[in-house]
Every structure is written in structure tokens, then in C-alpha cells.
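Heads up, target-v1.cif below (mmCIF, C-alpha atoms):
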```
data_upload
loop_
_atom_site.label_atom_id
_atom_site.label_comp_id
_atom_site.auth_asym_id
_atom_site.auth_seq_id
_atom_site.Cartn_x
_atom_site.Cartn_y
_atom_site.Cartn_z
CA MET S 754 0.00 0.00 0.00
CA PRO S 755 1.42 3.44 -0.88
CA ASP S 756 2.87 5.32 2.08
CA ASP S 757 0.87 8.44 1.22
CA ARG S 758 -2.55 6.77 1.14
CA TYR S 759 -4.45 7.65 4.32
CA GLY S 760 -8.08 8.02 5.21
CA ALA S 761 -10.97 7.25 7.54
CA TYR S 762 -14.51 5.83 7.47
CA GLY S 763 -13.80 3.83 4.29
CA LEU S 764 -12.43 6.77 2.27
CA HIS S 765 -8.97 7.79 1.06
CA LEU S 766 -8.71 11.50 1.96
CA PRO S 767 -5.73 13.21 0.29
CA HIS S 768 -7.06 16.71 1.10
CA ILE S 769 -6.42 16.19 4.82
CA THR S 770 -2.80 17.15 5.30
CA ARG S 771 -2.59 15.83 8.86
CA SER S 772 -2.14 12.18 7.88
CA ASP S 773 -1.19 11.36 11.48
CA TYR S 774 -4.90 11.78 12.26
CA LEU S 775 -5.81 9.08 9.72
CA VAL S 776 -5.31 5.35 9.15
CA ALA S 777 -3.49 3.62 6.31
CA ALA S 778 -6.23 3.35 3.68
CA PRO S 779 -6.64 0.02 1.84
CA PRO S 780 -6.48 0.23 -1.97
CA GLU S 781 -10.21 -0.48 -2.30
CA TRP S 782 -11.14 2.64 -0.32
CA PRO S 783 -12.17 5.27 -2.92
CA THR S 784 -10.49 8.66 -3.06
CA TRP S 785 -12.67 11.52 -1.86
CA GLN S 786 -12.07 15.27 -1.84
CA VAL S 787 -13.64 17.77 0.58
CA THR S 788 -13.63 21.40 -0.53
CA HIS S 789 -15.01 24.67 0.83
CA SER S 790 -17.24 27.40 -0.54
CA SER S 791 -18.20 30.58 1.29
CA ASP S 792 -21.29 30.91 -0.92
CA PRO S 793 -24.46 29.87 0.91
CA TYR S 794 -26.30 26.81 -0.34
CA ASP S 795 -29.83 28.01 -0.98
CA GLY S 796 -31.47 24.71 -1.90
CA PRO S 797 -33.29 22.38 0.49
CA GLN S 798 -31.83 19.38 2.21
CA LEU S 799 -31.96 16.42 -0.15
CA TRP S 800 -31.05 12.78 -0.38
CA GLY S 801 -30.75 10.82 -3.60
CA PRO S 802 -28.81 7.94 -5.15
CA ASP S 803 -26.09 10.28 -6.45
CA GLU S 804 -26.32 13.56 -4.51
CA ALA S 805 -27.01 14.71 -0.97
CA ALA S 806 -27.32 18.15 0.62
CA LEU S 807 -27.15 17.86 4.40
CA ASP S 808 -26.99 20.38 7.22
CA THR S 809 -23.76 20.90 9.14
CA GLN S 810 -23.69 22.11 12.73
CA PRO S 811 -24.08 24.79 13.94
CA VAL S 812 -24.46 26.42 10.49
CA GLY S 813 -23.91 25.56 6.85
CA ARG S 814 -24.67 22.82 4.39
CA ALA S 815 -22.61 20.01 2.84
CA PHE S 816 -23.23 19.06 -0.78
CA VAL S 817 -22.03 15.48 -1.37
CA ASP S 818 -21.59 14.42 -5.00
CA ARG S 819 -21.21 10.69 -5.55
CA ALA S 820 -20.18 10.79 -9.21
CA ALA S 821 -17.54 13.50 -8.67
CA ALA S 822 -16.38 11.91 -5.38
CA THR S 823 -16.39 15.31 -3.71
CA THR S 824 -18.01 17.12 -0.82
CA ARG S 825 -18.39 20.88 -0.89
CA LEU S 826 -18.81 22.46 2.53
CA HIS S 827 -20.84 25.65 2.32
CA LEU S 828 -19.60 27.45 5.43
CA PRO S 829 -19.02 31.15 6.19
CA GLU S 830 -15.31 30.50 6.78
CA PRO S 831 -12.98 27.71 5.65
CA PRO S 832 -12.77 25.03 8.35
CA SER S 833 -9.46 24.41 10.06
CA GLN S 834 -7.82 21.02 9.59
CA GLN S 835 -8.85 20.27 13.17
CA ALA S 836 -12.51 20.98 12.39
CA LEU S 837 -12.36 19.23 9.03
CA ILE S 838 -11.10 16.04 10.63
CA HIS S 839 -13.84 16.22 13.24
CA PRO S 840 -16.71 17.03 13.17
CA HIS S 841 -17.08 18.08 9.50
CA LEU S 842 -15.90 14.77 8.02
CA GLY S 843 -18.89 13.03 9.55
CA VAL S 844 -21.41 14.28 6.96
CA THR S 845 -19.38 12.83 4.11
CA ALA S 846 -18.89 9.60 6.04
CA VAL S 847 -22.60 8.94 6.62
CA ALA S 848 -23.56 9.76 3.02
CA THR S 849 -20.85 7.66 1.35
CA ALA S 850 -21.42 4.79 3.79
CA ALA S 851 -25.12 4.70 2.92
CA TRP S 852 -24.37 4.68 -0.81
CA ARG S 853 -22.13 1.63 -0.48
CA GLY S 854 -24.63 -0.14 1.80
CA ASP S 855 -22.93 0.37 5.17
CA PHE S 856 -24.80 1.21 8.37
CA THR S 857 -23.79 4.22 10.47
CA LEU S 858 -24.47 4.88 14.12
CA HIS S 859 -23.89 7.92 16.29
CA ALA S 860 -21.61 5.93 18.59
CA GLY S 861 -18.07 5.71 19.82
CA SER S 862 -16.22 2.44 19.30
CA PHE S 863 -13.27 0.50 20.66
CA VAL S 864 -11.33 -2.68 19.94
CA LEU S 865 -11.38 -5.61 22.36
CA ASP S 866 -9.97 -9.07 21.63
CA GLY S 867 -9.66 -8.27 17.94
CA GLY S 868 -13.21 -7.01 17.45
CA VAL S 869 -14.99 -3.64 17.41
CA TRP S 870 -17.72 -2.72 19.89
CA GLY S 871 -19.94 0.32 19.46
CA LEU S 872 -20.71 2.51 22.47
CA MET S 873 -23.81 4.69 22.29
CA GLY S 874 -26.43 6.43 24.40
CA ASP S 875 -28.36 9.62 24.83
CA ARG S 876 -26.48 12.89 25.35
CA GLU S 877 -24.74 13.17 28.74
CA ARG S 878 -24.85 9.39 29.28
CA GLY S 879 -21.10 9.07 29.79
CA LYS S 880 -19.69 8.18 26.36
CA SER S 881 -16.93 10.75 26.75
CA SER S 882 -15.92 9.43 30.17
CA ALA S 883 -16.02 5.80 29.01
CA LEU S 884 -13.81 6.51 25.98
CA ALA S 885 -11.46 8.60 28.11
CA TRP S 886 -11.10 5.73 30.57
CA MET S 887 -10.33 3.32 27.74
CA ALA S 888 -7.81 5.65 26.13
CA SER S 889 -6.03 6.09 29.46
CA HIS S 890 -5.97 2.28 29.95
CA ASP S 891 -4.55 1.50 26.49
CA ILE S 892 -7.79 0.08 25.10
CA PRO S 893 -7.65 0.96 21.37
CA ILE S 894 -10.30 3.51 20.39
CA PHE S 895 -11.65 2.84 16.90
CA ALA S 896 -13.73 5.99 16.37
CA ASP S 897 -15.03 8.90 18.43
CA ASP S 898 -18.71 9.26 17.65
CA LEU S 899 -19.47 7.61 14.31
CA LEU S 900 -19.51 3.84 13.80
CA VAL S 901 -19.39 2.73 10.15
CA THR S 902 -20.03 -0.96 9.54
CA ASP S 903 -21.65 -3.43 7.18
CA GLY S 904 -22.39 -5.61 10.19
CA ILE S 905 -19.36 -7.81 9.43
CA THR S 906 -16.43 -5.39 9.57
CA ALA S 907 -16.11 -1.81 10.82
CA LYS S 908 -14.11 1.03 9.26
CA ALA S 909 -11.84 3.14 11.47
CA GLY S 910 -12.44 6.81 12.22
CA PRO S 911 -9.88 9.61 12.63
CA ARG S 912 -7.18 9.12 15.26
CA CYS S 913 -8.62 11.41 17.90
CA ILE S 914 -11.43 11.65 20.41
CA ASP S 915 -12.95 14.88 21.67
CA LEU S 916 -13.73 14.94 25.39
CA ARG S 917 -15.85 17.16 27.54
CA GLU S 918 -14.01 19.21 30.14
CA SER S 919 -14.94 16.97 33.09
CA ALA S 920 -13.50 13.82 31.48
CA ALA S 921 -10.36 15.63 30.28
CA GLN S 922 -9.69 16.96 33.77
CA ARG S 923 -10.42 13.66 35.48
CA PHE S 924 -7.90 11.70 33.40
CA GLY S 925 -5.47 14.52 32.72
CA ILE S 926 -5.59 14.03 28.96
CA GLY S 927 -6.65 16.10 25.98
CA GLU S 928 -5.60 19.40 24.43
CA TYR S 929 -8.09 22.25 24.42
CA VAL S 930 -8.96 23.03 20.78
CA GLY S 931 -11.79 25.50 21.39
CA VAL S 932 -15.29 25.34 19.99
CA LEU S 933 -15.57 23.04 16.97
CA GLY S 934 -19.06 22.42 15.72
CA THR S 935 -21.42 23.06 18.60
CA ARG S 936 -19.26 22.63 21.70
CA GLU S 937 -15.91 23.07 23.40
CA ARG S 938 -13.57 20.14 22.90
CA TRP S 939 -10.49 18.66 24.56
CA ARG S 940 -8.83 16.56 21.87
CA VAL S 941 -6.92 13.36 22.61
CA ARG S 942 -4.61 11.97 19.93
CA LEU S 943 -4.93 8.22 19.41
CA PRO S 944 -2.50 5.52 18.29
CA ALA S 945 -2.92 3.89 14.89
CA VAL S 946 -5.36 1.01 14.40
CA GLU S 947 -6.14 -1.29 11.50
CA ALA S 948 -8.37 0.33 8.89
CA GLU S 949 -10.94 -2.48 9.06
CA VAL S 950 -11.65 -4.73 12.05
CA PRO S 951 -14.40 -7.36 12.59
CA PHE S 952 -17.59 -5.94 14.10
CA ARG S 953 -18.62 -7.69 17.34
CA GLY S 954 -21.62 -5.79 18.72
CA TRP S 955 -22.65 -2.71 20.64
CA VAL S 956 -23.30 -1.32 24.09
CA LEU S 957 -26.01 1.08 25.26
CA LEU S 958 -24.92 3.42 28.05
CA ASP S 959 -27.15 4.57 30.89
CA TRP S 960 -26.93 5.80 34.48
CA ALA S 961 -28.21 3.78 37.44
CA ASP S 962 -27.41 3.19 41.10
CA ASP S 963 -26.01 -0.27 40.36
CA ILE S 964 -23.33 -1.45 37.95
CA ALA S 965 -24.70 -4.03 35.54
CA VAL S 966 -24.26 -5.43 32.03
CA THR S 967 -27.42 -7.04 30.68
CA SER S 968 -28.50 -8.30 27.28
CA LEU S 969 -30.66 -5.84 25.35
CA PRO S 970 -34.00 -7.25 24.12
CA LEU S 971 -34.60 -7.26 20.36
CA GLU S 972 -37.38 -4.66 20.41
CA GLU S 973 -35.19 -2.23 22.34
CA ARG S 974 -32.31 -2.84 19.94
CA VAL S 975 -34.43 -1.79 16.97
CA SER S 976 -35.65 1.32 18.79
CA TRP S 977 -32.20 2.47 19.90
CA LEU S 978 -30.51 1.73 16.58
CA SER S 979 -33.18 3.70 14.77
CA ALA S 980 -32.81 6.65 17.14
CA ASN S 981 -29.00 6.69 16.81
CA ARG S 982 -28.55 6.18 13.09
CA GLY S 983 -25.96 8.44 11.54
CA LEU S 984 -28.39 9.34 8.76
CA LYS S 985 -32.13 8.69 8.57
CA LEU S 986 -32.70 7.03 5.21
CA PRO S 987 -35.75 5.43 3.65
CA ALA S 988 -33.81 2.43 2.35
CA GLY S 989 -30.41 1.29 1.11
CA ASP S 990 -28.78 -0.31 4.14
CA SER S 991 -31.27 -3.00 5.19
CA VAL S 992 -28.82 -5.92 5.00
CA SER S 993 -26.12 -4.26 7.09
CA GLY S 994 -28.79 -2.92 9.45
CA MET S 995 -30.19 -6.39 10.06
CA ARG S 996 -26.70 -7.69 10.82
CA VAL S 997 -26.16 -4.91 13.37
CA VAL S 998 -29.54 -5.65 15.02
CA ALA S 999 -28.64 -9.34 15.22
CA ALA S 1000 -25.20 -8.71 16.75
CA PRO S 1001 -24.69 -9.04 20.54
CA ALA S 1002 -26.02 -5.95 22.33
CA TYR S 1003 -25.87 -4.96 25.99
CA ARG S 1004 -27.19 -2.29 28.30
CA PHE S 1005 -24.38 -1.03 30.54
CA THR S 1006 -25.54 0.83 33.63
CA ARG S 1007 -23.39 2.47 36.29
CA PRO S 1008 -23.64 5.33 38.78
CA ALA S 1009 -22.51 8.83 37.82
CA ASP S 1010 -19.67 8.50 40.31
CA TRP S 1011 -16.03 8.97 39.29
CA GLY S 1012 -15.01 6.84 42.26
CA ARG S 1013 -16.64 3.75 40.74
CA ILE S 1014 -15.64 4.13 37.11
CA ASP S 1015 -12.78 1.60 37.36
CA GLU S 1016 -15.10 -1.03 38.81
CA ALA S 1017 -17.74 -0.35 36.18
CA MET S 1018 -15.45 -0.36 33.15
CA GLU S 1019 -13.62 -3.49 34.27
CA LEU S 1020 -16.95 -5.32 34.60
CA LEU S 1021 -17.97 -4.21 31.09
CA LEU S 1022 -14.72 -5.41 29.53
CA LYS S 1023 -14.93 -8.72 31.38
CA GLN S 1024 -18.45 -9.33 30.10
CA LEU S 1025 -17.60 -8.43 26.51
CA SER S 1026 -14.50 -10.64 26.57
CA THR S 1027 -16.70 -13.67 27.27
CA THR S 1028 -19.13 -12.93 24.40
#
```
Have the structure of the file written as C-alpha cells, please.
Amino acid sequence: MPDDRYGAYGLHLPHITRSDYLVAAPPEWPTWQVTHSSDPYDGPQLWGPDEAALDTQPVGRAFVDRAAATTRLHLPEPPSQQALIHPHLGVTAVATAAWRGDFTLHAGSFVLDGGVWGLMGDRERGKSSALAWMASHDIPIFADDLLVTDGITAKAGPRCIDLRESAAQRFGIGEYVGVLGTRERWRVRLPAVEAEVPFRGWVLLDWADDIAVTSLPLEERVSWLSANRGLKLPAGDSVSGMRVVAAPAYRFTRPADWGRIDEAMELLLKQLSTT
């Protein structure tokens, strides 16, 4: 594989100059360019088999062109490389993943025993603290907040996670990079991982008085996966979606207590290692 071929989320991304934030892209990953325009995009949001126009946060619109293999970000100012890597790359990732039949989830992910586990939950349910704990305990982080998979393998995200201030302070990690997207971020650089790793299953995070890891019933899996999809689409990823629904899934509950995070995370890893 050429030394200068790097990417993320199943795409070779030569426009991102910080290749240390990317993974070595396999030759089958298509080349994709992301450009910027300060002109506003006046059309509506749209989704089609060859083009998509999707909102970016907090302002702007991304026009994703399948045939041209390009994304044009309509933003008032050009994004920094930091912002381009995350969060702006996410819009391109969800659109291109859907076109090739992959399933995307708003979820972090990590590698355990050679397989990828997704980690998702409602806002303020502790994803940042869980990923920070793993990063500080040398558990490989696969992606920050977007899981791309066909239900068999998963494709790695950029080599960074963005923490909230409380998690960054607790573990003493992360560099303050200001407001990117809609919030302040403390960015943690991550070691390299393989570009594609077998998909194992996913974990739903929640708070409770007791620490527990329990199997998630099928009807709840469907509900949570639907609510956390990276892009709401009418069709196009049913096969990969069914595989993700059928994969092992757990509810992980623990108290919102920093003093018990070691106990909680160790129980989670022990349970997943036996799956």
C-alpha cells in the first residue's frame, strides 16, 4: 500500500494534510475530496442515489456528489484542519457509507480481543468518560462518535477523540482546541489502528445506582438503533442494518460517580470478553 494513502470511514482522503490523524487506507477505499465554498447553499436538504445536501452544525450545508467523489462544505469560513477532521468529516462519512450499503451509528467504538464494539447512548450518558477511561488504559479507540459498519467489519475513524471538560480533567488528557461544531472540545490523539476490524456488537450506556451489564432485548435494539442512526434514510442499508440488530447488544448501567468508574469499566470489559 502506498505510504501516502491515508483516510478514515472507508475513504482515502488526500485533502487532509494531517495524515497522522488518519489510518493507512486500503487500496479499495475510494479517493474523496472535501472542498469549501463561502457561498451559501440556498437549496433544500436532499437525499438521492447520487447527490445529498445535508446540514452541518451549527451552520452551513454540505453538498455530497457521488459521481464526482467530492463534498463541498458551504460554510461562512474555511474550516481548520482540526474541524475538518472532526466534526465536518462526519457528513461525508454517513452519506458515502449509505451509498455503499454500510450502516452508520452515532456511537463511539473501541477494539477488544480483535473485534470492534460500538458505544452509544443519549447525550450526557457518559460516552466521553467511558472513551477517556479506555484511552487512558490502552484500550484501542476505533472511532469517536461515528460507527461505520456493514455488520461484518467496521471502518476506522480519525485518530482522535474529543472529550468534555470533566473527562479531560479527570484523566489529565486532551488538548483544548476551542469550539468546533457546537461545543468546546479537549482533543486526545490516538495511536494507529487497523483500517478495518471485525464488528462484534454494541453497548447502550445509561446511568443507574447499580453497575450491571445485561442483554438488550430485540425490540429495544431496533428502537435504539433507529434513534441513533448516523443518517435517517428510507432504504439502502437494510442488509447491514439487520446484521447490526442481530449482533450481541448490551445495556451497561453504572452510577454517575467517578469513584466507581474503574469497577464499572472493568466489569464491562470482562463481560464483553466472554461474548
Taking into account all atoms listed in the file, which residue in the set S:Asp891, S:Glu949, S:Asp808, S:Glu1019 is nearest to Ala778 of chain S? S:Glu949
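Atom pair atom CA of Leu764 of chain S / atom CA of Val998 of chain S has a distance of 24.7 Å (rounded to one decimal).
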Contacts of segment 853-860 of chain S within 10 Å, only C-alpha atoms, excl. fewer than 2 positions in-chain, as JSON, numbers by chain: {"S": [762, 763, 843, 846, 847, 848, 849, 850, 851, 862, 870, 871, 872, 873, 874, 875, 880, 896, 897, 898, 899, 900, 901, 902, 903, 904, 905, 906, 907, 908, 955, 956, 957, 977, 978, 979, 980, 981, 982, 983, 984, 985, 988, 989, 990, 991, 992, 993, 994, 995, 996, 997]}
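Here the question is which of S:Thr1028, S:Ser833, S:Thr809, S:Thr1006 gets nearest to Gly931 of chain S using all atoms listed in the file, and that residue is S:Ser833.
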Contacts of Thr788 of chain S within 7 Å, only C-alpha atoms, excl. fewer than 4 positions in-chain, as a PyMOL selection string: chain S and resi 824-826
Output file for the selection above: C-alpha atoms, as a PDB file, keeping the file's coordinate frame:
```
ATOM      1  CA  THR S 824     -18.010  17.120  -0.820  1.00  0.00           C
ATOM      2  CA  ARG S 825     -18.390  20.880  -0.890  1.00  0.00           C
ATOM      3  CA  LEU S 826     -18.810  22.460   2.530  1.00  0.00           C
TER       4      LEU S 826
END
```
Hey, could you patch up segment 818-850 of chain S with N, CA and C atoms and hand it over as a short mmCIF file (atom, residue, chain, number, x, y, z; two decimals), keeping the file's coordinate frame?
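The file below, result.cif, is the result:
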```cif
data_model
loop_
_atom_site.label_atom_id
_atom_site.label_comp_id
_atom_site.auth_asym_id
_atom_site.auth_seq_id
_atom_site.Cartn_x
_atom_site.Cartn_y
_atom_site.Cartn_z
N ASP S 818 -21.39 14.80 -3.61
CA ASP S 818 -21.59 14.42 -5.00
C ASP S 818 -20.92 13.06 -5.23
N ARG S 819 -21.75 12.04 -5.42
CA ARG S 819 -21.21 10.69 -5.55
C ARG S 819 -20.38 10.51 -6.82
N ALA S 820 -20.88 11.00 -7.95
CA ALA S 820 -20.18 10.79 -9.21
C ALA S 820 -18.83 11.51 -9.24
N ALA S 821 -18.79 12.72 -8.69
CA ALA S 821 -17.54 13.50 -8.67
C ALA S 821 -16.63 13.12 -7.51
N ALA S 822 -17.14 12.32 -6.57
CA ALA S 822 -16.38 11.91 -5.38
C ALA S 822 -15.86 13.13 -4.63
N THR S 823 -16.76 14.09 -4.42
CA THR S 823 -16.39 15.31 -3.71
C THR S 823 -17.49 15.71 -2.75
N THR S 824 -17.08 16.44 -1.72
CA THR S 824 -18.01 17.12 -0.82
C THR S 824 -17.64 18.59 -0.79
N ARG S 825 -18.62 19.44 -0.98
CA ARG S 825 -18.39 20.88 -0.89
C ARG S 825 -19.07 21.40 0.37
N LEU S 826 -18.28 21.92 1.28
CA LEU S 826 -18.81 22.46 2.53
C LEU S 826 -19.14 23.93 2.34
N HIS S 827 -20.42 24.26 2.42
CA HIS S 827 -20.84 25.65 2.32
C HIS S 827 -20.88 26.23 3.73
N LEU S 828 -19.77 26.89 4.10
CA LEU S 828 -19.60 27.45 5.43
C LEU S 828 -19.14 28.90 5.31
N PRO S 829 -19.46 29.75 6.27
CA PRO S 829 -19.02 31.15 6.19
C PRO S 829 -17.51 31.30 6.10
N GLU S 830 -16.77 30.45 6.79
CA GLU S 830 -15.31 30.50 6.78
C GLU S 830 -14.75 29.11 6.49
N PRO S 831 -13.57 29.02 5.87
CA PRO S 831 -12.98 27.71 5.65
C PRO S 831 -12.71 27.00 6.98
N PRO S 832 -13.03 25.73 7.10
CA PRO S 832 -12.77 25.03 8.35
C PRO S 832 -11.27 24.76 8.52
N SER S 833 -10.83 24.80 9.76
CA SER S 833 -9.46 24.41 10.06
C SER S 833 -9.30 22.91 9.81
N GLN S 834 -8.05 22.45 9.71
CA GLN S 834 -7.82 21.02 9.59
C GLN S 834 -8.40 20.27 10.80
N GLN S 835 -8.30 20.89 11.97
CA GLN S 835 -8.85 20.27 13.17
C GLN S 835 -10.35 20.06 13.03
N ALA S 836 -11.06 21.08 12.55
CA ALA S 836 -12.51 20.98 12.39
C ALA S 836 -12.89 20.08 11.23
N LEU S 837 -12.08 20.08 10.19
CA LEU S 837 -12.36 19.23 9.03
C LEU S 837 -12.28 17.76 9.42
N ILE S 838 -11.26 17.41 10.18
CA ILE S 838 -11.10 16.04 10.63
C ILE S 838 -12.28 15.60 11.49
N HIS S 839 -12.69 16.49 12.38
CA HIS S 839 -13.84 16.22 13.24
C HIS S 839 -14.33 17.54 13.81
N PRO S 840 -15.60 17.91 13.56
CA PRO S 840 -16.71 17.03 13.17
C PRO S 840 -17.12 17.03 11.70
N HIS S 841 -16.52 17.89 10.83
CA HIS S 841 -17.08 18.08 9.50
C HIS S 841 -16.96 16.86 8.59
N LEU S 842 -16.03 15.96 8.86
CA LEU S 842 -15.90 14.77 8.02
C LEU S 842 -17.09 13.82 8.18
N GLY S 843 -17.80 13.96 9.26
CA GLY S 843 -18.89 13.03 9.55
C GLY S 843 -20.00 13.03 8.51
N VAL S 844 -20.34 14.20 7.96
CA VAL S 844 -21.41 14.28 6.96
C VAL S 844 -21.05 13.46 5.73
N THR S 845 -19.83 13.62 5.26
CA THR S 845 -19.38 12.83 4.11
C THR S 845 -19.38 11.34 4.44
N ALA S 846 -18.97 11.00 5.65
CA ALA S 846 -18.89 9.60 6.04
C ALA S 846 -20.26 8.92 6.02
N VAL S 847 -21.29 9.59 6.57
CA VAL S 847 -22.60 8.94 6.62
C VAL S 847 -23.20 8.82 5.22
N ALA S 848 -22.99 9.82 4.37
CA ALA S 848 -23.56 9.76 3.02
C ALA S 848 -22.89 8.66 2.19
N THR S 849 -21.56 8.65 2.17
CA THR S 849 -20.85 7.66 1.35
C THR S 849 -21.06 6.25 1.89
N ALA S 850 -21.16 6.11 3.20
CA ALA S 850 -21.42 4.79 3.79
C ALA S 850 -22.78 4.27 3.33
#
```
